[in-house]
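Worksheet for the structure shown next.
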Amino acid sequence: MDAIVKNFPVLDDTGRPTQKEAEEAVRVLLRWAGEDPAREGLKDTPSRVAKAYREIFGGYDLVAEDVLGRTFEEVSGYDDIVLEKDIPFYSHCEHHMVPIIGKAHIAYLPNGRVLGLSKIARVVDIYARRLQTQEAMTAQIAKAIDETLMPRGVAVMIEAEHLCMAMRGIKKQGATTLTTTFTGAFKSEPAEQVRFMTMLRGFK
């Protein structure tokens with residue numbers, strides 16, 4: 001069954017609370033947690049948190065298709081797998097707003113054009129810097145590359161630790177979640193999936 005990919009709309013600044021309103025919301029949370037926002041160590045915390053969130057969730061201000069727009073056609077006929085592995089990322093669970101820490105592995109089969117390698121890592125960051133589920137993020141990365149580059153196939157694997165499982169609830173530190181999405185030849189030809197997995201596990 002194909003994953004349902006939701007590309008959440010990017011809010012313009014007219015739909016966002018102001019910096020002052022965001023800082024007040026942090027003060028409310030501090031009071032709710034039992035703290036005094038006016039004490040010395042917390043006076044600047046609301047401002048710091050609001051600024052940090054602007055950076056941490058900066059993916060809402062970026063469009064993956066814009067990053068993927070520039071490609072290269074002078075590849076001397078190269079048409080085999082391009083694999084970029086162990087791309088580190090930090091995201092946040094949309095259910096509890098605590099970190100997801102992991103690595104992405106991305107491959108595609110060129111169809112006359114290739115991407116600059118930095119573009120692949122940038123796309124991972126764009127989707128990671130949003131509130132996410134790992135399943136959605138995996139599918140979103142694959143869809144963006146597939147629709148923009150139009151390769152013969154895309155393979156995305158993400159492995160990550162969810163701190164919502166480690167810090168709270170079941171409290172299982174070190175548990176890793178693995179998700180994959182395949183398109184094109186990677187989806188229709190099992191041998192291509194095997195090649196992807198073999199390269200991934202054998203490439204040191």
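Just remember, in the structure tokens the first chain shown is A, the second B, etc., residues are 1-based per chain, and ligands are 1-based in the order shown.
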Identify, on the basis of only C-alpha atoms, every residue whose closest approach to Val82 in chain A does not exceed 12 Å; exclude the query and any residue fewer than 5 positions from it along the same chain; express the result as a list of chain:residue names.
A:Val75, A:His105, A:Ile106, A:Ala107, A:Tyr108, A:Leu109, A:Pro110, A:Asn111, A:Arg113, A:Val114, A:Leu115, A:Gly116, A:Leu117, A:Ile120, A:Pro151, A:Arg152, A:Gly153, A:Val154, A:Ala155, A:Val156, A:Arg195, A:Phe196, A:Met199, A:Leu200
inquiry  = Set the distance at 10 Å and use only C-alpha atoms: which residues neighbour range 30-32 of chain A once local chain neighbours fewer than 5 positions away are removed? I'd like the list as a PyMOL selection string.
reply    = chain A and resi 24-25+37-38+42+45-46
Can I get the selected residues back with N, CA and C atoms, as a CSV table (one decimal), in the first residue's frame?
```csv
chain,number,residue,atom,x,y,z
A,24,GLU,N,5.3,34.9,25.4
A,24,GLU,CA,4.3,34.8,26.5
A,24,GLU,C,3.8,33.4,26.6
A,25,ALA,N,3.7,32.7,25.5
A,25,ALA,CA,3.2,31.3,25.6
A,25,ALA,C,4.3,30.4,26.3
A,37,PRO,N,8.7,32.3,35.9
A,37,PRO,CA,9.4,32.9,34.8
A,37,PRO,C,10.1,34.2,35.1
A,38,ALA,N,9.8,34.8,36.3
A,38,ALA,CA,10.5,36.1,36.6
A,38,ALA,C,11.8,35.9,37.3
A,42,LEU,N,15.5,32.4,34.5
A,42,LEU,CA,14.5,32.2,33.5
A,42,LEU,C,14.0,33.5,32.8
A,45,THR,N,14.6,33.2,29.1
A,45,THR,CA,14.3,31.9,28.5
A,45,THR,C,13.2,32.0,27.5
A,46,PRO,N,12.1,32.8,27.7
A,46,PRO,CA,11.1,32.8,26.7
A,46,PRO,C,11.6,33.4,25.3
```
Name the residues in contact with Arg122 in chain A at a cut-off of 8 Å, using only C-alpha atoms, excluding same-chain residues fewer than 4 positions from it; report them as a PDB file with N, CA and C atoms, in the first residue's frame.
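Contents of part_30.pdb, freshly written:
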```
ATOM      1  N   VAL A  67      14.973  23.834  -3.707  1.00  0.00           N
ATOM      2  CA  VAL A  67      16.345  23.358  -3.480  1.00  0.00           C
ATOM      3  C   VAL A  67      16.753  22.360  -4.559  1.00  0.00           C
ATOM      4  N   SER A 118      24.910  18.006  -2.063  1.00  0.00           N
ATOM      5  CA  SER A 118      24.446  18.824  -0.941  1.00  0.00           C
ATOM      6  C   SER A 118      22.941  19.025  -0.971  1.00  0.00           C
ATOM      7  N   ILE A 126      15.137  20.128   5.381  1.00  0.00           N
ATOM      8  CA  ILE A 126      13.879  20.854   5.213  1.00  0.00           C
ATOM      9  C   ILE A 126      12.733  20.105   5.872  1.00  0.00           C
TER      10      ILE A 126
END
```
(message) Please extract the residues of chain A with a backbone DSSP assignment of strand (DSSP E) and present them as a ChimeraX atom specification.
(response) /A:71-72,82-93,99-109,114-115,131-132,153-162,177-184
Print the selection's residues with N, CA and C atoms to a file, as a compact mmCIF listing (two decimals), in the first residue's frame.
```txt
# COMPACT_ATOMS: atom_id res chain seq x y z
N THR A 71 19.86 20.94 -11.51
CA THR A 71 20.42 19.61 -11.75
C THR A 71 21.53 19.70 -12.78
N PHE A 72 22.24 18.58 -12.96
CA PHE A 72 23.36 18.52 -13.89
C PHE A 72 23.13 17.40 -14.90
N VAL A 82 22.89 6.25 -7.44
CA VAL A 82 23.58 7.29 -6.66
C VAL A 82 23.07 7.16 -5.23
N LEU A 83 23.95 6.86 -4.31
CA LEU A 83 23.56 6.64 -2.91
C LEU A 83 24.29 7.61 -1.99
N GLU A 84 23.54 8.30 -1.18
CA GLU A 84 24.12 9.13 -0.12
C GLU A 84 23.59 8.59 1.20
N LYS A 85 24.49 8.13 2.05
CA LYS A 85 24.06 7.47 3.29
C LYS A 85 24.55 8.22 4.51
N ASP A 86 23.97 7.84 5.65
CA ASP A 86 24.35 8.39 6.96
C ASP A 86 24.23 9.91 7.02
N ILE A 87 23.15 10.44 6.47
CA ILE A 87 22.88 11.88 6.56
C ILE A 87 22.24 12.14 7.92
N PRO A 88 22.95 12.79 8.84
CA PRO A 88 22.38 12.98 10.19
C PRO A 88 21.27 14.04 10.19
N PHE A 89 20.28 13.84 11.05
CA PHE A 89 19.23 14.86 11.17
C PHE A 89 18.67 14.84 12.60
N TYR A 90 18.07 15.97 12.94
CA TYR A 90 17.31 16.11 14.18
C TYR A 90 15.94 16.63 13.80
N SER A 91 14.91 15.95 14.27
CA SER A 91 13.55 16.42 14.02
C SER A 91 12.80 16.43 15.35
N HIS A 92 11.50 16.67 15.30
CA HIS A 92 10.68 16.67 16.52
C HIS A 92 9.38 15.93 16.26
N CYS A 93 9.04 15.06 17.16
CA CYS A 93 7.80 14.30 17.09
C CYS A 93 6.60 15.25 17.17
N PRO A 99 12.58 15.43 20.66
CA PRO A 99 13.43 15.14 19.50
C PRO A 99 13.31 13.73 18.93
N ILE A 100 13.54 13.67 17.63
CA ILE A 100 13.80 12.44 16.88
C ILE A 100 15.22 12.62 16.34
N ILE A 101 16.10 11.68 16.63
CA ILE A 101 17.50 11.78 16.23
C ILE A 101 17.84 10.59 15.34
N GLY A 102 18.33 10.85 14.14
CA GLY A 102 18.58 9.72 13.27
C GLY A 102 19.45 10.01 12.07
N LYS A 103 19.42 9.06 11.13
CA LYS A 103 20.18 9.15 9.90
C LYS A 103 19.27 8.77 8.73
N ALA A 104 19.49 9.45 7.61
CA ALA A 104 18.75 9.14 6.38
C ALA A 104 19.71 8.57 5.35
N HIS A 105 19.23 7.61 4.59
CA HIS A 105 19.98 7.02 3.49
C HIS A 105 19.12 7.16 2.23
N ILE A 106 19.65 7.79 1.21
CA ILE A 106 18.85 8.13 0.03
C ILE A 106 19.59 7.72 -1.24
N ALA A 107 18.87 7.04 -2.13
CA ALA A 107 19.45 6.64 -3.41
C ALA A 107 18.45 6.94 -4.52
N TYR A 108 18.98 7.16 -5.71
CA TYR A 108 18.11 7.29 -6.88
C TYR A 108 18.83 6.76 -8.11
N LEU A 109 18.03 6.40 -9.11
CA LEU A 109 18.55 5.93 -10.40
C LEU A 109 18.38 7.07 -11.40
N VAL A 114 21.44 14.50 -12.72
CA VAL A 114 21.81 14.19 -11.35
C VAL A 114 21.71 15.45 -10.49
N LEU A 115 21.61 15.22 -9.18
CA LEU A 115 21.56 16.31 -8.21
C LEU A 115 22.94 16.57 -7.63
N LEU A 131 7.57 19.65 12.57
CA LEU A 131 6.99 18.61 13.42
C LEU A 131 6.68 17.43 12.51
N GLN A 132 7.09 16.23 12.91
CA GLN A 132 7.04 15.11 11.99
C GLN A 132 6.62 13.81 12.66
N GLY A 153 13.91 5.88 -10.35
CA GLY A 153 13.47 5.34 -9.07
C GLY A 153 14.17 6.04 -7.92
N VAL A 154 13.50 6.04 -6.76
CA VAL A 154 14.05 6.64 -5.54
C VAL A 154 13.90 5.64 -4.40
N ALA A 155 14.92 5.56 -3.56
CA ALA A 155 14.87 4.72 -2.35
C ALA A 155 15.27 5.58 -1.16
N VAL A 156 14.44 5.57 -0.13
CA VAL A 156 14.74 6.33 1.09
C VAL A 156 14.59 5.40 2.30
N MET A 157 15.60 5.37 3.13
CA MET A 157 15.54 4.65 4.40
C MET A 157 15.92 5.61 5.51
N ILE A 158 15.14 5.62 6.58
CA ILE A 158 15.45 6.43 7.74
C ILE A 158 15.49 5.53 8.97
N GLU A 159 16.54 5.69 9.76
CA GLU A 159 16.62 4.99 11.05
C GLU A 159 16.81 6.04 12.13
N ALA A 160 16.01 5.96 13.18
CA ALA A 160 16.03 7.03 14.18
C ALA A 160 15.58 6.54 15.55
N GLU A 161 16.05 7.27 16.55
CA GLU A 161 15.59 7.06 17.93
C GLU A 161 14.60 8.17 18.27
N HIS A 162 13.49 7.78 18.84
CA HIS A 162 12.44 8.73 19.21
C HIS A 162 12.49 8.95 20.73
N THR A 177 13.83 2.97 15.20
CA THR A 177 12.74 2.75 14.26
C THR A 177 13.29 2.88 12.84
N LEU A 178 12.90 1.94 11.97
CA LEU A 178 13.38 1.92 10.59
C LEU A 178 12.20 2.05 9.64
N THR A 179 12.28 2.99 8.69
CA THR A 179 11.22 3.16 7.70
C THR A 179 11.84 3.25 6.31
N THR A 180 11.10 2.79 5.29
CA THR A 180 11.57 2.87 3.91
C THR A 180 10.44 3.30 2.99
N THR A 181 10.82 3.97 1.91
CA THR A 181 9.90 4.27 0.81
C THR A 181 10.65 4.03 -0.49
N PHE A 182 10.00 3.33 -1.44
CA PHE A 182 10.59 3.07 -2.74
C PHE A 182 9.65 3.56 -3.84
N THR A 183 10.22 4.12 -4.90
CA THR A 183 9.43 4.52 -6.06
C THR A 183 10.10 3.96 -7.32
N GLY A 184 9.33 3.94 -8.42
CA GLY A 184 9.88 3.54 -9.71
C GLY A 184 10.49 2.16 -9.70
```
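Residue neighbourhood of Glu55 in chain A, excluding near-sequence residues (fewer than 5 positions): A:Arg48, A:Val49, A:Ala50, A:Tyr60, A:Asp61, A:Leu62, A:Tyr90, A:Ser91, A:Asp125, A:Ile126, A:Ala128, A:Arg129, A:Arg130, at 12 Å, using only C-alpha atoms.
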Residues of the last selection are to be written out with N, CA, C and O atoms, as a short mmCIF file (atom, residue, chain, number, x, y, z; two decimals), in the first residue's frame.
```cif
data_model
loop_
_atom_site.label_atom_id
_atom_site.label_comp_id
_atom_site.auth_asym_id
_atom_site.auth_seq_id
_atom_site.Cartn_x
_atom_site.Cartn_y
_atom_site.Cartn_z
N ARG A 48 14.79 33.20 24.31
CA ARG A 48 15.71 32.19 23.76
C ARG A 48 14.94 31.04 23.12
O ARG A 48 15.31 30.54 22.05
N VAL A 49 13.87 30.59 23.77
CA VAL A 49 13.09 29.48 23.24
C VAL A 49 12.43 29.86 21.92
O VAL A 49 12.45 29.10 20.95
N ALA A 50 11.86 31.04 21.87
CA ALA A 50 11.20 31.49 20.64
C ALA A 50 12.19 31.57 19.48
O ALA A 50 11.91 31.14 18.36
N TYR A 60 9.62 24.97 7.77
CA TYR A 60 8.33 25.48 7.29
C TYR A 60 8.48 26.66 6.34
O TYR A 60 7.58 26.98 5.57
N ASP A 61 9.64 27.33 6.39
CA ASP A 61 9.87 28.48 5.53
C ASP A 61 10.57 28.12 4.23
O ASP A 61 10.88 29.00 3.42
N LEU A 62 10.84 26.83 4.02
CA LEU A 62 11.58 26.39 2.84
C LEU A 62 10.76 25.40 2.02
O LEU A 62 9.93 24.67 2.55
N TYR A 90 18.07 15.97 12.94
CA TYR A 90 17.31 16.11 14.18
C TYR A 90 15.94 16.63 13.80
O TYR A 90 15.82 17.62 13.07
N SER A 91 14.91 15.95 14.27
CA SER A 91 13.55 16.42 14.02
C SER A 91 12.80 16.43 15.35
O SER A 91 13.41 16.22 16.41
N ASP A 125 17.05 18.08 5.68
CA ASP A 125 16.93 19.12 6.69
C ASP A 125 15.59 19.86 6.60
O ASP A 125 14.98 20.19 7.63
N ILE A 126 15.14 20.13 5.38
CA ILE A 126 13.88 20.85 5.21
C ILE A 126 12.73 20.10 5.87
O ILE A 126 11.93 20.69 6.61
N ALA A 128 13.07 17.58 8.08
CA ALA A 128 13.37 17.29 9.48
C ALA A 128 13.04 18.47 10.37
O ALA A 128 12.64 18.30 11.53
N ARG A 129 13.21 19.68 9.86
CA ARG A 129 12.98 20.88 10.66
C ARG A 129 11.51 21.28 10.66
O ARG A 129 11.14 22.43 10.42
N ARG A 130 10.68 20.30 10.86
CA ARG A 130 9.23 20.48 11.01
C ARG A 130 8.77 19.46 12.06
O ARG A 130 9.48 18.52 12.37
#
```
As a check of understanding: the span from CA of Thr176 in chain A to CA of Gly59 in chain A is 23.8 Å
Give the alpha helix (DSSP H) residues of range 80-172 of chain A, as DSSP finds them on the backbone, and put them as a ChimeraX atom specification.
-> /A:117-128,134-149,163-166
Restricting to only C-alpha atoms, whichever of A:Gly15, A:Gly34, A:Gly112, A:Gly58 is closest to Glu74 in chain A is A:Gly112
